[in-house]
Amino acid sequence: LNKLFVMDGSKRSSHSNAFMFGFGSNKRIVLFDTLLEQVHDDEILAILGHELGHWKLGHTLSNFVVTQLYFGAAFYCFALCFSSHDLYRAFGFEGGSERPIPTMIALLLFFQTLWAPIDKILNFVLTIFSRVNEFAADRFSVDLGMSRKLQTGLCKIHLENLGAMCPDRLYSVYHYSHPPLVERLGAMMELDRKSK
């Protein structure tokens with residue numbers, strides 16, 4: 001970890017958060033100033049434990065690799081479709097080798113039609129991957145002995161950010177990159193019970 005930053009987020013909203021970014025020798029953790037006002041010092045330490053879990057477990061690097069693979073696959077598929085004049089004619093564009101379709105139109109057609117269904121599936125997989133990482137970072141903080149403080153800190157953040165306390169399970173699995181608070185608290189309480 002190279003630096004710890006405080007972001008002046010209170011000028012834009014009362015939303016509070018903490019996140020980690022960077023890899024190699026440039027790892028940094030950012031805390032919103034609103035977070036520092038909403039939780040106690042020991043809860044901040046537990047939240048830092050969660051963020052350090054992302055670092056220790058390699059989540060930042062793995063997210064970077066997965067993102068690069070995602071974009072690589074998208075543009076590889078686009079390259080396969082780029083010269084398909086039949087595809088453009090199917091959407092009402094007349095063009096040929098003498099009059100090629102502009103790249104911007106080709107990109108829009110590809111990403112809004114052909115890639116869209118694949119994107120839905122891949123985004124679901126990425127959401128599941130993100131949720132698994134969040135549970136693992138929570139577990140890291142719990143293993144540091146900060147379970148109670150992480151739980152109370154997350155509750156305060158959730159209340160201040162007006163998060164949905166108990167969203168529909170299927171909706172949250174598909175749309176939420178972080179597990180709902182109730183699921184996270186339940187997982188931490190289960191880890192506490194197993195450790196006793």
# chains A, B, ... in the order shown; residues from 1 in each chain; ligands from 1

$ residues_around --residues "segment 187-192 of chain A" --least-positions-apart "5" --cutoff "9 Å" --atoms "only C-alpha atoms" --output "MDAnalysis selection string"
chainID A and resid 135 138:139 142:143 147:148 151 182

$ residues_around --residues "Thr103 of chain A" --least-positions-apart "2" --cutoff "12 Å" --atoms "only C-alpha atoms" --output "PyMOL selection string"
chain A and resi 78-79+81-83+88+100-101+105-110

$ write_last_selection --atoms "N, CA, C and O atoms" --output "PDB file, in the first residue's frame"
ATOM      1  N   PHE A  78     -15.905  -7.845 -32.763  1.00  0.00           N
ATOM      2  CA  PHE A  78     -16.194  -6.716 -33.660  1.00  0.00           C
ATOM      3  C   PHE A  78     -15.350  -6.807 -34.933  1.00  0.00           C
ATOM      4  O   PHE A  78     -15.848  -6.574 -36.039  1.00  0.00           O
ATOM      5  N   ALA A  79     -14.079  -7.158 -34.780  1.00  0.00           N
ATOM      6  CA  ALA A  79     -13.200  -7.282 -35.951  1.00  0.00           C
ATOM      7  C   ALA A  79     -13.703  -8.358 -36.905  1.00  0.00           C
ATOM      8  O   ALA A  79     -13.585  -8.216 -38.128  1.00  0.00           O
ATOM      9  N   CYS A  81     -16.805  -9.100 -37.405  1.00  0.00           N
ATOM     10  CA  CYS A  81     -18.032  -8.608 -38.044  1.00  0.00           C
ATOM     11  C   CYS A  81     -17.830  -7.336 -38.866  1.00  0.00           C
ATOM     12  O   CYS A  81     -18.693  -6.995 -39.681  1.00  0.00           O
ATOM     13  N   PHE A  82     -16.734  -6.649 -38.687  1.00  0.00           N
ATOM     14  CA  PHE A  82     -16.537  -5.325 -39.286  1.00  0.00           C
ATOM     15  C   PHE A  82     -16.652  -5.323 -40.810  1.00  0.00           C
ATOM     16  O   PHE A  82     -17.216  -4.405 -41.392  1.00  0.00           O
ATOM     17  N   SER A  83     -16.142  -6.348 -41.450  1.00  0.00           N
ATOM     18  CA  SER A  83     -16.145  -6.360 -42.917  1.00  0.00           C
ATOM     19  C   SER A  83     -17.347  -7.099 -43.505  1.00  0.00           C
ATOM     20  O   SER A  83     -17.386  -7.363 -44.700  1.00  0.00           O
ATOM     21  N   TYR A  88     -24.528  -5.125 -42.505  1.00  0.00           N
ATOM     22  CA  TYR A  88     -24.954  -3.733 -42.667  1.00  0.00           C
ATOM     23  C   TYR A  88     -26.205  -3.628 -43.533  1.00  0.00           C
ATOM     24  O   TYR A  88     -27.090  -2.826 -43.265  1.00  0.00           O
ATOM     25  N   PRO A 100     -17.214   2.053 -47.996  1.00  0.00           N
ATOM     26  CA  PRO A 100     -17.280   1.335 -46.712  1.00  0.00           C
ATOM     27  C   PRO A 100     -18.158   2.064 -45.687  1.00  0.00           C
ATOM     28  O   PRO A 100     -18.328   3.267 -45.746  1.00  0.00           O
ATOM     29  N   ILE A 101     -18.695   1.286 -44.783  1.00  0.00           N
ATOM     30  CA  ILE A 101     -19.513   1.826 -43.694  1.00  0.00           C
ATOM     31  C   ILE A 101     -18.580   2.534 -42.703  1.00  0.00           C
ATOM     32  O   ILE A 101     -17.541   1.992 -42.336  1.00  0.00           O
ATOM     33  N   ILE A 105     -20.535   3.902 -37.124  1.00  0.00           N
ATOM     34  CA  ILE A 105     -21.806   3.209 -37.356  1.00  0.00           C
ATOM     35  C   ILE A 105     -21.629   1.719 -37.135  1.00  0.00           C
ATOM     36  O   ILE A 105     -22.470   1.062 -36.522  1.00  0.00           O
ATOM     37  N   ALA A 106     -20.511   1.185 -37.611  1.00  0.00           N
ATOM     38  CA  ALA A 106     -20.244  -0.246 -37.419  1.00  0.00           C
ATOM     39  C   ALA A 106     -20.154  -0.583 -35.931  1.00  0.00           C
ATOM     40  O   ALA A 106     -20.718  -1.593 -35.479  1.00  0.00           O
ATOM     41  N   LEU A 107     -19.466   0.257 -35.158  1.00  0.00           N
ATOM     42  CA  LEU A 107     -19.364   0.030 -33.710  1.00  0.00           C
ATOM     43  C   LEU A 107     -20.735   0.071 -33.037  1.00  0.00           C
ATOM     44  O   LEU A 107     -21.059  -0.785 -32.211  1.00  0.00           O
ATOM     45  N   LEU A 108     -21.526   1.080 -33.384  1.00  0.00           N
ATOM     46  CA  LEU A 108     -22.863   1.195 -32.788  1.00  0.00           C
ATOM     47  C   LEU A 108     -23.729  -0.010 -33.116  1.00  0.00           C
ATOM     48  O   LEU A 108     -24.408  -0.558 -32.247  1.00  0.00           O
ATOM     49  N   LEU A 109     -23.733  -0.411 -34.378  1.00  0.00           N
ATOM     50  CA  LEU A 109     -24.526  -1.585 -34.768  1.00  0.00           C
ATOM     51  C   LEU A 109     -24.074  -2.827 -34.021  1.00  0.00           C
ATOM     52  O   LEU A 109     -24.894  -3.598 -33.519  1.00  0.00           O
ATOM     53  N   PHE A 110     -22.769  -3.029 -33.946  1.00  0.00           N
ATOM     54  CA  PHE A 110     -22.244  -4.222 -33.289  1.00  0.00           C
ATOM     55  C   PHE A 110     -22.599  -4.256 -31.813  1.00  0.00           C
ATOM     56  O   PHE A 110     -23.152  -5.239 -31.311  1.00  0.00           O
TER      57      PHE A 110
END

$ residues_around --residues "Leu122 of chain A" --least-positions-apart "5" --cutoff "12 Å" --atoms "only C-alpha atoms" --output "PyMOL selection string"
chain A and resi 66-67+69-71+73-74+115-117+127-129+174

$ closest_residue --among "A:Leu114, A:Val125, A:Leu61, A:Ile157" --to "Phe32 of chain A" --atoms "only C-alpha atoms"
A:Ile157

$ atom_distance --atom1 "atom CA of Arg193 of chain A" --atom2 "atom CA of Phe140 of chain A"
15.6 Å

$ closest_residue --among "A:Gly22, A:Gly163, A:Gly9, A:Gly53" --to "Ser141 of chain A" --atoms "only C-alpha atoms"
A:Gly53

$ closest_residue --among "A:Ile118, A:Ile47, A:Leu31, A:Met20" --to "Cys77 of chain A" --atoms "only C-alpha atoms"
A:Ile118

$ closest_residue --among "A:Val30, A:Leu126, A:Leu80, A:Ala136" --to "His54 of chain A" --atoms "only C-alpha atoms"
A:Ala136

$ residues_around --residues "His178 of chain A" --least-positions-apart "6" --cutoff "8 Å" --atoms "only C-alpha atoms" --output "ChimeraX atom specification"
/A:130-131,134

$ select_by_dssp --residues "chain A" --states "helix (DSSP H, G or I)" --output "count of residues only"
129
